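> Below is the file input.txt, with compact mmCIF, C-alpha atoms.
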# COMPACT_ATOMS: atom_id res chain seq x y z
CA MET D 15 0.00 0.00 0.00
CA GLN D 16 1.19 3.48 -0.80
CA LEU D 17 2.57 5.56 2.04
CA SER D 18 0.55 8.74 2.52
CA ARG D 19 0.11 11.63 4.86
CA ARG D 20 -2.86 9.80 6.34
CA SER D 21 -0.81 6.65 6.96
CA LEU D 22 1.37 8.58 9.43
CA LEU D 23 -1.59 8.46 11.78
CA LEU D 24 -1.83 4.69 11.55
CA GLY D 25 1.76 3.64 12.17
CA GLY D 26 2.94 0.95 14.54
CA GLY D 27 -0.25 -1.10 14.63
CA GLY D 28 -1.81 1.03 17.36
CA LEU D 29 -4.04 3.12 15.14
CA ALA D 30 -6.09 0.95 12.80
CA ALA D 31 -3.49 -0.91 10.81
CA THR D 32 -6.31 -2.20 8.62
CA ALA D 33 -7.41 1.27 7.55
CA THR D 34 -6.65 2.65 4.13
CA LEU D 35 -3.32 4.19 3.28
CA ALA D 36 -4.52 5.34 -0.11
CA ALA D 37 -6.13 8.68 0.73
CA CYS D 38 -3.09 10.56 -0.54
CA GLY D 39 -1.48 7.77 -2.48
CA ASN D 40 -1.49 5.94 -5.76
CA ASN D 41 -1.62 2.16 -5.61
CA ASN D 42 -0.31 1.46 -9.09
CA PRO D 43 2.70 -0.83 -8.47
CA LEU D 44 3.92 -0.43 -12.03
CA ASP D 45 4.71 3.26 -11.74
CA GLN D 46 7.95 4.21 -10.01
CA SER D 47 8.49 7.90 -10.52
CA SER D 48 7.80 10.79 -12.81
CA THR D 49 11.49 10.94 -13.58
CA ALA D 50 14.20 8.34 -13.57
CA PRO D 51 15.28 7.67 -9.98
CA SER D 52 18.62 9.31 -10.51
CA THR D 53 19.86 11.25 -7.55
CA SER D 54 22.52 13.89 -7.37
CA GLY D 55 25.73 15.16 -8.86
CA SER D 56 28.32 17.31 -7.19
CA ALA D 57 29.23 20.82 -8.23
CA SER D 58 31.89 21.00 -10.89
CA ALA D 59 35.27 22.61 -10.48
CA THR D 60 34.15 25.35 -12.89
CA GLY D 61 31.77 26.78 -10.34
CA GLU D 62 28.55 25.42 -11.79
CA LEU D 63 25.60 25.16 -9.44
CA PRO D 64 25.38 21.84 -7.60
CA ALA D 65 22.72 19.43 -8.81
CA LEU D 66 20.38 18.21 -6.06
CA SER D 67 17.64 15.60 -6.20
CA GLN D 68 14.57 15.89 -3.99
CA TRP D 69 12.22 12.94 -3.41
CA TYR D 70 8.51 13.07 -2.56
CA HIS D 71 5.89 10.38 -2.25
CA GLN D 72 2.90 10.95 -4.51
CA TYR D 73 0.20 13.21 -3.09
CA ASP D 74 -3.24 12.61 -4.58
CA GLU D 75 -4.31 16.23 -4.11
CA ALA D 76 -4.26 17.94 -7.47
CA GLY D 77 -1.48 20.47 -7.97
CA VAL D 78 1.03 19.27 -5.36
CA LYS D 79 3.54 17.93 -7.87
CA GLU D 80 3.47 21.13 -9.89
CA ALA D 81 3.80 23.17 -6.72
CA VAL D 82 6.88 21.39 -5.38
CA GLU D 83 8.49 21.52 -8.81
CA GLY D 84 7.86 25.27 -8.76
CA TYR D 85 9.46 25.63 -5.34
CA ALA D 86 12.53 23.74 -6.57
CA ALA D 87 12.79 25.86 -9.71
CA ALA D 88 12.69 29.05 -7.64
CA TYR D 89 15.83 28.10 -5.72
CA ASP D 90 18.85 29.84 -7.25
CA LYS D 91 21.74 28.23 -5.37
CA ALA D 92 21.39 24.75 -6.86
CA LYS D 93 19.69 22.90 -9.69
CA VAL D 94 17.01 20.88 -7.91
CA SER D 95 15.20 18.06 -9.68
CA VAL D 96 12.05 16.53 -8.16
CA ASN D 97 11.60 12.76 -8.13
CA TRP D 98 7.90 11.94 -7.67
CA VAL D 99 7.66 8.35 -6.40
CA VAL D 100 4.21 6.89 -7.02
CA SER D 101 4.64 3.28 -5.91
CA ASP D 102 5.62 2.06 -2.43
CA TYR D 103 7.61 5.11 -1.38
CA SER D 104 9.03 3.71 1.85
CA LYS D 105 10.36 0.57 0.14
CA VAL D 106 11.73 2.46 -2.87
CA LEU D 107 13.44 5.02 -0.63
CA GLY D 108 14.77 2.38 1.76
CA ALA D 109 16.33 0.44 -1.09
CA GLN D 110 17.83 3.58 -2.63
CA LEU D 111 19.45 4.59 0.66
CA LEU D 112 21.41 1.33 0.60
CA THR D 113 23.05 2.23 -2.72
CA ASN D 114 25.79 4.69 -3.64
CA ASP D 115 23.32 6.74 -5.70
CA LEU D 116 21.70 8.66 -2.85
CA PRO D 117 18.91 11.24 -3.08
CA ASP D 118 20.04 14.51 -1.56
CA VAL D 119 16.74 15.53 0.04
CA PHE D 120 13.78 13.26 0.74
CA GLU D 121 10.62 12.98 2.82
CA VAL D 122 10.53 10.66 5.83
CA GLU D 123 7.53 10.16 8.08
CA GLN D 124 7.81 11.83 11.50
CA GLY D 125 11.25 13.17 10.64
CA GLY D 126 13.15 9.89 10.46
CA SER D 127 12.84 6.29 11.58
CA LEU D 128 14.93 4.71 14.33
CA ASP D 129 16.60 2.41 11.79
CA MET D 130 17.56 5.30 9.50
CA ILE D 131 18.95 7.35 12.35
CA ARG D 132 21.00 4.52 13.85
CA ALA D 133 22.30 3.48 10.44
CA GLY D 134 23.66 7.00 9.97
CA GLN D 135 21.57 7.57 6.84
CA LEU D 136 20.14 10.95 7.93
CA ALA D 137 22.19 14.10 8.33
CA ASP D 138 21.89 15.92 11.64
CA LEU D 139 19.78 19.04 10.97
CA THR D 140 19.75 20.30 14.55
CA ASP D 141 21.89 23.30 13.62
CA LEU D 142 19.30 24.35 11.04
CA ILE D 143 16.24 24.09 13.25
CA GLU D 144 17.63 25.17 16.63
CA PRO D 145 17.51 28.96 16.03
CA HIS D 146 13.92 28.55 14.78
CA ARG D 147 12.66 25.69 16.92
CA SER D 148 10.27 27.85 18.93
CA GLU D 149 8.55 28.90 15.70
CA PHE D 150 7.41 25.32 15.04
CA ASN D 151 4.61 23.32 16.62
CA GLU D 152 6.01 22.09 19.94
CA ALA D 153 4.32 18.67 19.85
CA VAL D 154 5.70 17.99 16.38
CA MET D 155 9.21 19.09 17.32
CA ASN D 156 9.15 16.86 20.39
CA ARG D 157 8.32 13.88 18.17
CA PHE D 158 10.99 14.90 15.62
CA THR D 159 13.69 14.95 18.33
CA PHE D 160 15.61 11.79 19.27
CA ASP D 161 18.56 11.78 21.66
CA GLY D 162 18.59 15.57 21.47
CA LYS D 163 18.99 15.67 17.68
CA VAL D 164 16.64 16.55 14.82
CA HIS D 165 17.02 14.77 11.49
CA GLY D 166 14.05 16.20 9.59
CA ILE D 167 12.42 19.62 9.16
CA PRO D 168 8.60 19.43 9.42
CA GLN D 169 6.76 20.18 6.16
CA THR D 170 3.07 20.14 7.17
CA ILE D 171 0.82 18.46 9.73
CA ASP D 172 -2.14 16.08 9.44
CA MET D 173 -4.33 15.12 12.37
CA GLN D 174 -7.52 13.39 13.47
CA LEU D 175 -10.33 14.78 15.59
CA LEU D 176 -13.89 14.23 16.83
CA TYR D 177 -16.55 15.85 14.63
CA TYR D 178 -20.03 16.48 16.02
CA ARG D 179 -23.34 18.21 15.21
CA PRO D 180 -23.88 21.15 17.63
CA SER D 181 -27.57 21.46 16.72
CA LEU D 182 -28.29 17.87 17.79
CA LEU D 183 -26.56 18.34 21.13
CA LYS D 184 -28.46 21.57 21.69
CA GLU D 185 -31.78 19.89 20.93
CA ALA D 186 -30.95 17.19 23.48
CA GLY D 187 -29.93 19.76 26.10
CA VAL D 188 -26.34 18.57 26.45
CA GLU D 189 -23.05 20.46 26.27
CA PRO D 190 -20.08 19.47 24.07
CA PRO D 191 -18.28 16.70 25.97
CA THR D 192 -14.95 17.33 27.64
CA THR D 193 -14.67 13.91 29.29
CA PHE D 194 -15.38 10.40 28.07
CA GLU D 195 -18.20 10.10 30.60
CA GLU D 196 -19.80 13.22 29.10
CA LEU D 197 -19.28 11.81 25.59
CA VAL D 198 -21.16 8.65 26.56
CA ALA D 199 -23.98 10.75 28.03
CA ALA D 200 -24.15 12.90 24.89
CA ILE D 201 -24.24 9.81 22.66
CA ASN D 202 -27.07 8.29 24.69
CA ALA D 203 -29.00 11.57 24.63
CA THR D 204 -28.75 12.08 20.86
CA LYS D 205 -28.67 8.70 19.12
CA SER D 206 -31.89 7.27 17.81
CA ALA D 207 -33.27 4.76 15.34
CA ASP D 208 -32.54 7.32 12.62
CA ILE D 209 -29.02 8.40 13.57
CA GLY D 210 -26.12 6.61 15.23
CA GLY D 211 -24.07 7.86 18.16
CA LEU D 212 -20.33 7.67 17.39
CA PHE D 213 -18.89 6.36 14.12
CA ALA D 214 -15.21 5.42 14.01
CA GLY D 215 -15.02 2.75 11.34
CA ASN D 216 -16.88 -0.15 9.80
CA ASP D 217 -16.64 -3.78 10.94
CA GLY D 218 -14.96 -3.08 14.25
CA ASN D 219 -12.21 -0.84 12.88
CA ASP D 220 -12.95 1.56 15.74
CA ILE D 221 -11.04 -0.70 18.14
CA GLY D 222 -7.74 -0.31 16.32
CA LEU D 223 -8.35 3.30 15.36
CA LEU D 224 -9.09 4.53 18.87
CA GLY D 225 -6.95 2.06 20.79
CA THR D 226 -3.84 4.18 21.23
CA LEU D 227 -6.03 7.16 22.09
CA LEU D 228 -7.19 5.24 25.16
CA ILE D 229 -3.55 5.25 26.31
CA TRP D 230 -3.05 8.98 25.85
CA ALA D 231 -6.53 10.09 26.93
CA SER D 232 -6.29 8.09 30.17
CA GLY D 233 -3.20 10.13 31.06
CA HIS D 234 -0.36 7.88 29.94
CA ASP D 235 2.49 7.77 27.48
CA GLN D 236 3.19 4.66 25.44
CA LEU D 237 6.67 4.05 26.90
CA ASN D 238 8.54 5.19 29.98
CA ALA D 239 11.16 7.91 29.74
CA GLU D 240 13.99 5.37 29.43
CA ARG D 241 12.07 3.46 26.72
CA THR D 242 12.51 0.19 28.57
CA GLU D 243 8.88 -0.74 29.28
CA ALA D 244 5.25 0.19 28.63
CA ALA D 245 4.12 3.19 30.67
CA PHE D 246 0.35 2.64 30.68
CA LEU D 247 -0.33 -0.74 32.33
CA THR D 248 -2.32 0.74 35.21
CA ASP D 249 -5.84 0.48 36.59
CA ASP D 250 -6.68 3.81 34.93
CA PHE D 251 -5.88 2.35 31.51
CA TYR D 252 -7.69 -0.90 32.23
CA ASN D 253 -10.75 1.03 33.36
CA ALA D 254 -10.60 3.07 30.15
CA LEU D 255 -10.76 -0.15 28.14
CA ILE D 256 -13.74 -1.34 30.15
CA ALA D 257 -15.51 2.02 29.71
CA TYR D 258 -15.03 1.88 25.95
CA ARG D 259 -16.17 -1.76 25.86
CA GLU D 260 -19.34 -0.82 27.73
CA LEU D 261 -20.04 1.97 25.24
CA ARG D 262 -19.77 -0.51 22.37
CA GLU D 263 -21.98 -3.03 24.13
CA SER D 264 -24.63 -0.35 24.79
CA GLY D 265 -25.02 0.34 21.08
CA GLY D 266 -23.42 3.77 21.28
CA ILE D 267 -20.97 2.96 18.49
CA LEU D 268 -22.33 2.95 14.94
CA SER D 269 -20.74 -0.20 13.53
CA ALA D 270 -21.59 0.32 9.86
CA ALA D 271 -21.88 3.42 7.70
CA SER D 272 -21.84 4.26 3.99
CA ALA D 273 -18.06 4.79 3.99
CA GLU D 274 -15.06 4.36 6.26
CA TRP D 275 -13.96 6.69 9.07
CA TYR D 276 -11.43 8.50 6.87
CA SER D 277 -14.24 9.57 4.53
CA PRO D 278 -16.52 12.51 5.41
CA ASP D 279 -19.63 10.61 4.31
CA ALA D 280 -21.03 9.38 7.61
CA MET D 281 -21.07 12.86 9.10
CA ALA D 282 -21.98 14.68 5.88
CA ASN D 283 -24.89 12.29 5.24
CA GLY D 284 -26.31 12.61 8.74
CA GLU D 285 -25.57 9.00 9.71
CA ALA D 286 -23.99 9.80 13.10
CA VAL D 287 -24.01 12.56 15.71
CA PHE D 288 -20.27 12.12 16.28
CA GLN D 289 -17.60 10.90 13.87
CA TRP D 290 -13.92 10.32 14.44
CA GLY D 291 -12.17 11.45 11.28
CA GLY D 292 -9.37 13.39 9.66
CA LEU D 293 -8.92 17.12 9.20
CA TRP D 294 -8.82 16.41 5.47
CA SER D 295 -12.58 15.70 5.55
CA LEU D 296 -13.52 19.12 6.95
CA PRO D 297 -14.24 20.98 3.65
CA VAL D 298 -16.67 18.32 2.43
CA ILE D 299 -18.43 18.15 5.80
CA GLN D 300 -18.74 21.94 5.94
CA GLU D 301 -20.13 22.02 2.43
CA ALA D 302 -22.81 19.52 3.46
CA LEU D 303 -23.67 20.87 6.92
CA GLY D 304 -22.68 24.54 6.84
CA ASP D 305 -22.21 25.91 10.34
CA ASP D 306 -23.70 22.84 11.98
CA ILE D 307 -20.33 21.18 12.49
CA ALA D 308 -17.75 21.48 15.26
CA ALA D 309 -14.78 19.44 16.40
CA LEU D 310 -13.15 18.29 19.62
CA PRO D 311 -10.12 16.27 20.67
CA PHE D 312 -10.79 12.77 21.99
CA PRO D 313 -12.00 13.53 25.52
CA ALA D 314 -10.14 12.80 28.75
CA ILE D 315 -11.00 9.44 30.27
CA GLY D 316 -10.58 8.61 33.94
CA PRO D 317 -9.37 10.67 36.92
CA LYS D 318 -5.95 11.43 35.43
CA GLY D 319 -7.13 11.77 31.84
CA ARG D 320 -6.35 14.44 29.27
CA PRO D 321 -7.71 15.34 25.81
CA ALA D 322 -5.79 13.77 22.92
CA VAL D 323 -5.44 14.03 19.14
CA PRO D 324 -3.04 12.02 16.98
CA PHE D 325 -0.95 13.87 14.43
CA GLY D 326 1.48 12.98 11.69
CA ALA D 327 4.03 15.00 9.74
CA PHE D 328 6.52 14.30 6.99
CA GLY D 329 9.96 15.78 7.48
CA ALA D 330 12.45 16.88 4.84
CA CYS D 331 15.64 14.90 5.45
CA VAL D 332 19.15 15.00 3.96
CA ALA D 333 21.26 11.96 3.06
CA ALA D 334 24.17 11.99 5.53
CA LYS D 335 26.54 10.37 3.02
CA GLY D 336 25.32 12.22 -0.06
CA PRO D 337 27.74 14.11 -2.32
CA ASN D 338 26.22 17.53 -1.55
CA VAL D 339 25.28 17.47 2.13
CA ASP D 340 25.97 21.15 2.79
CA ALA D 341 24.16 22.29 -0.36
CA ALA D 342 21.22 20.00 0.47
CA LYS D 343 20.99 21.37 4.00
CA GLU D 344 20.97 24.92 2.66
CA PHE D 345 18.12 24.04 0.31
CA VAL D 346 16.08 22.41 3.10
CA LYS D 347 16.66 25.44 5.30
CA TRP D 348 15.60 27.77 2.50
CA LEU D 349 12.42 25.88 1.62
CA TRP D 350 11.07 24.58 4.94
CA ILE D 351 12.38 27.22 7.36
CA GLU D 352 12.69 30.48 5.42
CA GLN D 353 10.01 30.35 2.70
CA ASP D 354 6.82 31.06 4.63
CA GLU D 355 4.79 31.65 1.46
CA TYR D 356 5.60 28.21 0.06
CA GLN D 357 4.94 26.54 3.41
CA VAL D 358 1.46 28.07 3.61
CA ASP D 359 0.77 27.15 0.00
CA PHE D 360 1.84 23.54 0.58
CA SER D 361 -0.48 23.20 3.60
CA ASP D 362 -3.48 25.22 2.46
CA SER D 363 -3.81 24.99 -1.31
CA TYR D 364 -3.95 21.21 -1.80
CA GLY D 365 -6.30 19.65 0.73
CA THR D 366 -6.54 20.78 4.35
CA HIS D 367 -3.38 20.60 6.44
CA ILE D 368 -1.77 22.59 9.25
CA PRO D 369 1.42 24.59 8.65
CA ALA D 370 4.23 23.36 10.86
CA LYS D 371 5.02 26.89 12.02
CA ASN D 372 2.57 28.32 14.53
CA ALA D 373 2.70 31.83 13.11
CA LEU D 374 1.62 30.57 9.69
CA VAL D 375 -1.56 28.85 10.88
CA PRO D 376 -3.69 32.04 10.71
CA LYS D 377 -2.53 32.52 7.10
CA ALA D 378 -4.03 29.18 6.09
CA THR D 379 -7.50 30.15 4.89
CA LYS D 380 -9.10 26.80 5.77
CA LEU D 381 -7.90 27.15 9.35
CA ALA D 382 -8.87 30.78 9.83
CA GLU D 383 -11.95 30.10 11.94
CA GLY D 384 -14.32 27.45 13.23
CA PRO D 385 -13.32 23.77 13.42
CA GLY D 386 -10.19 24.37 11.32
CA ALA D 387 -8.82 26.91 13.78
CA ASP D 388 -9.74 24.62 16.67
CA ALA D 389 -7.95 21.69 15.00
CA ALA D 390 -4.68 23.62 14.71
CA ARG D 391 -4.88 24.53 18.38
CA TYR D 392 -5.66 20.95 19.40
CA VAL D 393 -2.45 19.65 17.83
CA ASN D 394 -0.40 22.17 19.74
CA ASP D 395 -2.21 21.64 23.05
CA HIS D 396 -3.16 17.95 22.91
CA GLY D 397 -1.13 16.37 20.10
CA PHE D 398 0.41 12.91 20.38
CA ALA D 399 2.25 10.62 17.98
CA ASN D 400 3.51 7.06 18.27
CA ASP D 401 6.86 6.90 20.06
CA ILE D 402 9.79 6.27 17.72
CA MET D 403 10.27 2.91 19.49
CA TRP D 404 6.61 1.90 19.28
CA SER D 405 7.68 -0.69 16.74
CA GLY D 406 5.56 -2.83 14.46
CA ALA D 407 5.94 -5.79 16.82
CA VAL D 408 4.85 -3.75 19.82
CA GLY D 409 1.92 -2.26 17.94
CA GLU D 410 0.74 -5.64 16.70
CA ALA D 411 0.89 -7.13 20.19
CA PHE D 412 -0.99 -4.15 21.56
CA GLY D 413 -3.69 -4.50 18.92
CA ALA D 414 -4.18 -8.19 19.69
CA ALA D 415 -4.52 -7.57 23.43
CA LEU D 416 -6.82 -4.61 22.83
CA SER D 417 -9.14 -6.68 20.66
CA ALA D 418 -9.23 -9.50 23.22
CA VAL D 419 -10.38 -7.10 25.92
CA ILE D 420 -12.86 -4.97 23.98
CA ARG D 421 -14.19 -7.43 21.44
CA ASP D 422 -13.92 -10.70 23.38
CA GLY D 423 -14.56 -9.42 26.89
CA LYS D 424 -11.28 -10.62 28.41
CA ASP D 425 -9.94 -9.23 31.67
CA PRO D 426 -7.68 -6.29 30.77
CA LYS D 427 -5.05 -6.76 33.48
CA GLU D 428 -4.61 -10.47 32.76
CA THR D 429 -4.62 -9.89 29.00
CA PHE D 430 -2.02 -7.14 29.05
CA GLU D 431 0.39 -8.86 31.46
CA PRO D 432 2.13 -10.89 28.71
CA PHE D 433 2.03 -7.80 26.50
CA GLY D 434 4.09 -5.95 29.09
CA GLU D 435 6.69 -8.71 28.98
CA GLN D 436 6.76 -8.60 25.17
CA VAL D 437 7.36 -4.85 25.24
CA VAL D 438 10.31 -5.19 27.60
CA ALA D 439 11.90 -7.83 25.35
CA GLU D 440 11.29 -5.85 22.16
CA LEU D 441 12.65 -2.62 23.63
CA LYS D 442 15.70 -4.46 24.91
CA ASN D 443 16.40 -5.54 21.34
CA LEU D 444 15.82 -2.03 20.00
CA ASN D 445 18.05 -0.48 22.66
CA SER D 446 20.91 -2.95 22.20
Have the structure of the file written as C-alpha cells, please.

Amino acid sequence: MQLSRRSLLLGGGGLAATATLAACGNNNPLDQSSTAPSTSGSASATGELPALSQWYHQYDEAGVKEAVEGYAAAYDKAKVSVNWVVSDYSKVLGAQLLTNDLPDVFEVEQGGSLDMIRAGQLADLTDLIEPHRSEFNEAVMNRFTFDGKVHGIPQTIDMQLLYYRPSLLKEAGVEPPTTFEELVAAINATKSADIGGLFAGNDGNDIGLLGTLLIWASGHDQLNAERTEAAFLTDDFYNALIAYRELRESGGILSAASAEWYSPDAMANGEAVFQWGGLWSLPVIQEALGDDIAALPFPAIGPKGRPAVPFGAFGACVAAKGPNVDAAKEFVKWLWIEQDEYQVDFSDSYGTHIPAKNALVPKATKLAEGPGADAARYVNDHGFANDIMWSGAVGEAFGAALSAVIRDGKDPKETFEPFGEQVVAELKNLNS
C-alpha cells in the first residue's frame, strides 16, 4: 500500500493498521516515478551550481507535484530536480538509501525512523532548526527529536479529531463533551433509530483506530522515559478499556456506515451525531452541513485523563553520506524554514493541512476560523504521535490484546500482562 500523509496516523499497529493508506497515495505498483530515480551530482570545479535531487511520495491532491516543482525551480543556489515516487515510497526510498546513488533531500515520516537514524543515513539538521525551533509546533518538534537531535524539518501536519453536530446536542440539552463520561452521556441523549451515536469505522475498525487514544486520553504515554517498558499498564488504563467496551456493548458505536472513518460521508450524510475522522474531511463536511459542524479532541478518560489528538508530519531529510550534504541542508533550510509563502501554500492549497510553524496557521485560509482553527490549536495543546520505538511488533501485540479485551470481553489486566513482557523484550532488542 502506498505511504501517505494519512498513513502517518496509523503507524505501529496502534491506530487501525487495517485502515486505508490510499487517501493521498497511488496504488499502481507499475509506476515508479515521474522521472528516472537518478539522484545527485556534485558541483563541478568550474563553479557550476550543484545538482540536487529531492524525493517526494505521490500526493493525490491535485497540484502538489506542480507546486513542489515550482518551489525547486525558484531556488537559485542549486539545480534541484524533483523525483515523484508513485509506488511504495518507503520501500523504494529504503532500497535507494542502501546504494551509492543517494537522493540529496527526501521525505521521511515523522522526521526519520529509528533504523535510518541509527544506520547514519540521515544528516543531523539540529543546527538548522535550533535557532527557529520555537517557531514550530512544539508537539511535532518533540516527536521529531531523538537523543537531542533533529534529522528532519517538518513540512506540514495532518491530524484526526472528533466531529459532532452542535444542533443535535443543543436539541438534546447537552453540552459538548470534555470527558469520556460526558461523551457517553451525549451519545445516549442524541442517538436514535434514525441516527447513530459515534462512528469510528466499519466492521470493528474503531477498536484499532481509537486504541492508542485510550492510552493517551487516560493520562499515559506509550513508553517510559527510558524506553525500557510500557508506561500505561495501570488500573486507569484498564478502566478506560472497560468504559469503551461498555459503550460498544450499549449500542453507542455505529458499527456500519456508507463509507469508512477517513471519509466525510457518515457525518456529511447525517448517519452519526459524532464521527472520528481526519482534518482532510472538513471541507466536504462543511459544504454539506454549513455551520452545523464542530470538532473536539478525543475527551479525557478517567481521573488522570487528558484530551488527545493524533498527528502525523513528513519531514524533509538529507542523506548523511550524499555528495552535496551542505548544499542540500541549505536548500532544506531555504524551503522549509525560510520560505513562509511556500509553506502556507503547501499546507493550504492542496487539501486541508496545518502549517508546521505556529505563526503561519492564521494565514491558512481553511484554518482561519471554526473547526479548522480549533484543529490547529488541538495539535499544539493535545497532540500525540507514536513513540519512535513503538515498533511494528509492539503495535501488533498491543492490537491483539486490545481486541481481546474490547471485542472478546477478556480481563484487561490479565490480557495485558504478557504484552508488558513482550514490550520489555522488544525494547531491549531495539536499545541494544
> Quick one: residues within 12 Å of (-22.1, 21.8, 4.2) (file frame), counting only C-alpha atoms, please, as a compact mmCIF listing (two decimals) with C-alpha atoms, in the frame of the given file.

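Once written, out02.txt looks like this:
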# COMPACT_ATOMS: atom_id res chain seq x y z
CA ARG D 179 -23.34 18.21 15.21
CA PRO D 278 -16.52 12.51 5.41
CA ASP D 279 -19.63 10.61 4.31
CA MET D 281 -21.07 12.86 9.10
CA ALA D 282 -21.98 14.68 5.88
CA ASN D 283 -24.89 12.29 5.24
CA GLY D 284 -26.31 12.61 8.74
CA SER D 295 -12.58 15.70 5.55
CA LEU D 296 -13.52 19.12 6.95
CA PRO D 297 -14.24 20.98 3.65
CA VAL D 298 -16.67 18.32 2.43
CA ILE D 299 -18.43 18.15 5.80
CA GLN D 300 -18.74 21.94 5.94
CA GLU D 301 -20.13 22.02 2.43
CA ALA D 302 -22.81 19.52 3.46
CA LEU D 303 -23.67 20.87 6.92
CA GLY D 304 -22.68 24.54 6.84
CA ASP D 305 -22.21 25.91 10.34
CA ASP D 306 -23.70 22.84 11.98
CA ILE D 307 -20.33 21.18 12.49
CA ALA D 308 -17.75 21.48 15.26
> With a distance cut-off of 12 Å and all atoms listed in the file, select the neighbouring residues of Pro432 in chain D, excluding the residue or stretch itself and same-chain residues fewer than 6 positions from it, and output the selection as JSON, numbers by chain.
{"D": [244, 247, 408, 411, 412, 414, 415, 426, 438, 439]}
> Give me the residues within 6 Å of range 152-160 of chain D as a CSV table (one decimal) with C-alpha atoms, in the frame of the given file, counting all atoms listed in the file and dropping any in the same chain fewer than 4 places off.

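Saved as around.csv:
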chain,number,residue,atom,x,y,z
D,125,GLY,CA,11.2,13.2,10.6
D,164,VAL,CA,16.6,16.6,14.8
D,394,ASN,CA,-0.4,22.2,19.7
D,397,GLY,CA,-1.1,16.4,20.1
> Do you know which residues are at most 12 Å from Phe360 in chain D counting all atoms listed in the file, after dropping those on the same chain fewer than 6 positions away, and could you put them as number ranges by chain?
D: 73, 75-85, 168-171, 349-350, 353-354, 366-370, 374, 377-378
> Do you know which residues are at most 10 Å from Phe194 in chain D counting all atoms listed in the file, after dropping those on the same chain fewer than 3 positions away, and could you put them as a ChimeraX atom specification?
/D:191,197-200,231-232,254,257-258,312-316,319-321
> Got a sec: who's within 12 Å of Phe325 in chain D, counting only C-alpha atoms, leaving out chain neighbours fewer than 2 positions off, as an mmCIF file with C-alpha atoms, in the coordinates of the input?

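This is the output file result-v1.cif:
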data_model
loop_
_atom_site.group_PDB
_atom_site.id
_atom_site.type_symbol
_atom_site.label_atom_id
_atom_site.label_comp_id
_atom_site.auth_asym_id
_atom_site.auth_seq_id
_atom_site.Cartn_x
_atom_site.Cartn_y
_atom_site.Cartn_z
ATOM 1 C CA ARG D 19 0.110 11.630 4.860
ATOM 2 C CA ARG D 20 -2.860 9.800 6.340
ATOM 3 C CA SER D 21 -0.810 6.650 6.960
ATOM 4 C CA LEU D 22 1.370 8.580 9.430
ATOM 5 C CA LEU D 23 -1.590 8.460 11.780
ATOM 6 C CA LEU D 24 -1.830 4.690 11.550
ATOM 7 C CA GLY D 25 1.760 3.640 12.170
ATOM 8 C CA LEU D 29 -4.040 3.120 15.140
ATOM 9 C CA GLU D 123 7.530 10.160 8.080
ATOM 10 C CA GLN D 124 7.810 11.830 11.500
ATOM 11 C CA ASN D 151 4.610 23.320 16.620
ATOM 12 C CA ALA D 153 4.320 18.670 19.850
ATOM 13 C CA VAL D 154 5.700 17.990 16.380
ATOM 14 C CA MET D 155 9.210 19.090 17.320
ATOM 15 C CA ARG D 157 8.320 13.880 18.170
ATOM 16 C CA THR D 170 3.070 20.140 7.170
ATOM 17 C CA ILE D 171 0.820 18.460 9.730
ATOM 18 C CA ASP D 172 -2.140 16.080 9.440
ATOM 19 C CA MET D 173 -4.330 15.120 12.370
ATOM 20 C CA GLN D 174 -7.520 13.390 13.470
ATOM 21 C CA LEU D 175 -10.330 14.780 15.590
ATOM 22 C CA LEU D 227 -6.030 7.160 22.090
ATOM 23 C CA GLY D 291 -12.170 11.450 11.280
ATOM 24 C CA GLY D 292 -9.370 13.390 9.660
ATOM 25 C CA LEU D 293 -8.920 17.120 9.200
ATOM 26 C CA PRO D 311 -10.120 16.270 20.670
ATOM 27 C CA ALA D 322 -5.790 13.770 22.920
ATOM 28 C CA VAL D 323 -5.440 14.030 19.140
ATOM 29 C CA ALA D 327 4.030 15.000 9.740
ATOM 30 C CA PHE D 328 6.520 14.300 6.990
ATOM 31 C CA HIS D 367 -3.380 20.600 6.440
ATOM 32 C CA ILE D 368 -1.770 22.590 9.250
ATOM 33 C CA ALA D 370 4.230 23.360 10.860
ATOM 34 C CA ALA D 389 -7.950 21.690 15.000
ATOM 35 C CA ALA D 390 -4.680 23.620 14.710
ATOM 36 C CA TYR D 392 -5.660 20.950 19.400
ATOM 37 C CA VAL D 393 -2.450 19.650 17.830
ATOM 38 C CA ASN D 394 -0.400 22.170 19.740
ATOM 39 C CA ASP D 395 -2.210 21.640 23.050
ATOM 40 C CA HIS D 396 -3.160 17.950 22.910
ATOM 41 C CA GLY D 397 -1.130 16.370 20.100
ATOM 42 C CA PHE D 398 0.410 12.910 20.380
ATOM 43 C CA ALA D 399 2.250 10.620 17.980
ATOM 44 C CA ASN D 400 3.510 7.060 18.270
ATOM 45 C CA ASP D 401 6.860 6.900 20.060
#
> Mind giving me the straight-line distance from CA of Ala280 in chain D to CA of Pro385 in chain D in Å, one decimal?
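Between CA of Ala280 in chain D and CA of Pro385 in chain D the gap is 17.3 Å.
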> Expressed in Å to a single decimal, how great is the separation between CA of Gln135 in chain D and CA of Ala86 in chain D?
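For CA of Gln135 in chain D relative to CA of Ala86 in chain D, the distance reads 22.9 Å.
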> One decimal, in Å: what's the spacing between CA of Lys442 in chain D and CA of Thr140 in chain D?
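CA of Thr140 in chain D lies at a distance of 27.1 Å from CA of Lys442 in chain D.
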> Find, counting only C-alpha atoms, the residue in D:Ala133, D:Val287, D:Ala333, D:Leu183 that gets nearest to Leu107 in chain D.
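Of D:Ala133, D:Val287, D:Ala333, D:Leu183, the one nearest Leu107 in chain D, counting only C-alpha atoms, is D:Ala333.
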> May I ask which of the residues D:Gly233, D:Gly126, D:Pro180, D:Pro117 is the closest one to Lys163 in chain D, counting only C-alpha atoms?
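Among the listed residues, the smallest separation from Lys163 in chain D belongs to D:Gly126.
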> Have a look at D:Ile201, D:Ile420, D:Ala65, D:Leu310 and name the one nearest to Gly386 in chain D; count all atoms listed in the file.
D:Leu310
> Measuring atom to atom with all atoms listed in the file, identify which of D:Val96, D:Trp294, D:Ile351, D:Glu240 is nearest to Leu381 in chain D.
D:Trp294
> Which of these, D:Gly329, D:Gly108, D:Gly218, D:Pro324, has the shortest distance to Trp275 in chain D once you count all atoms listed in the file?
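Ranked by minimum distance to Trp275 in chain D, first place goes to D:Gly218.
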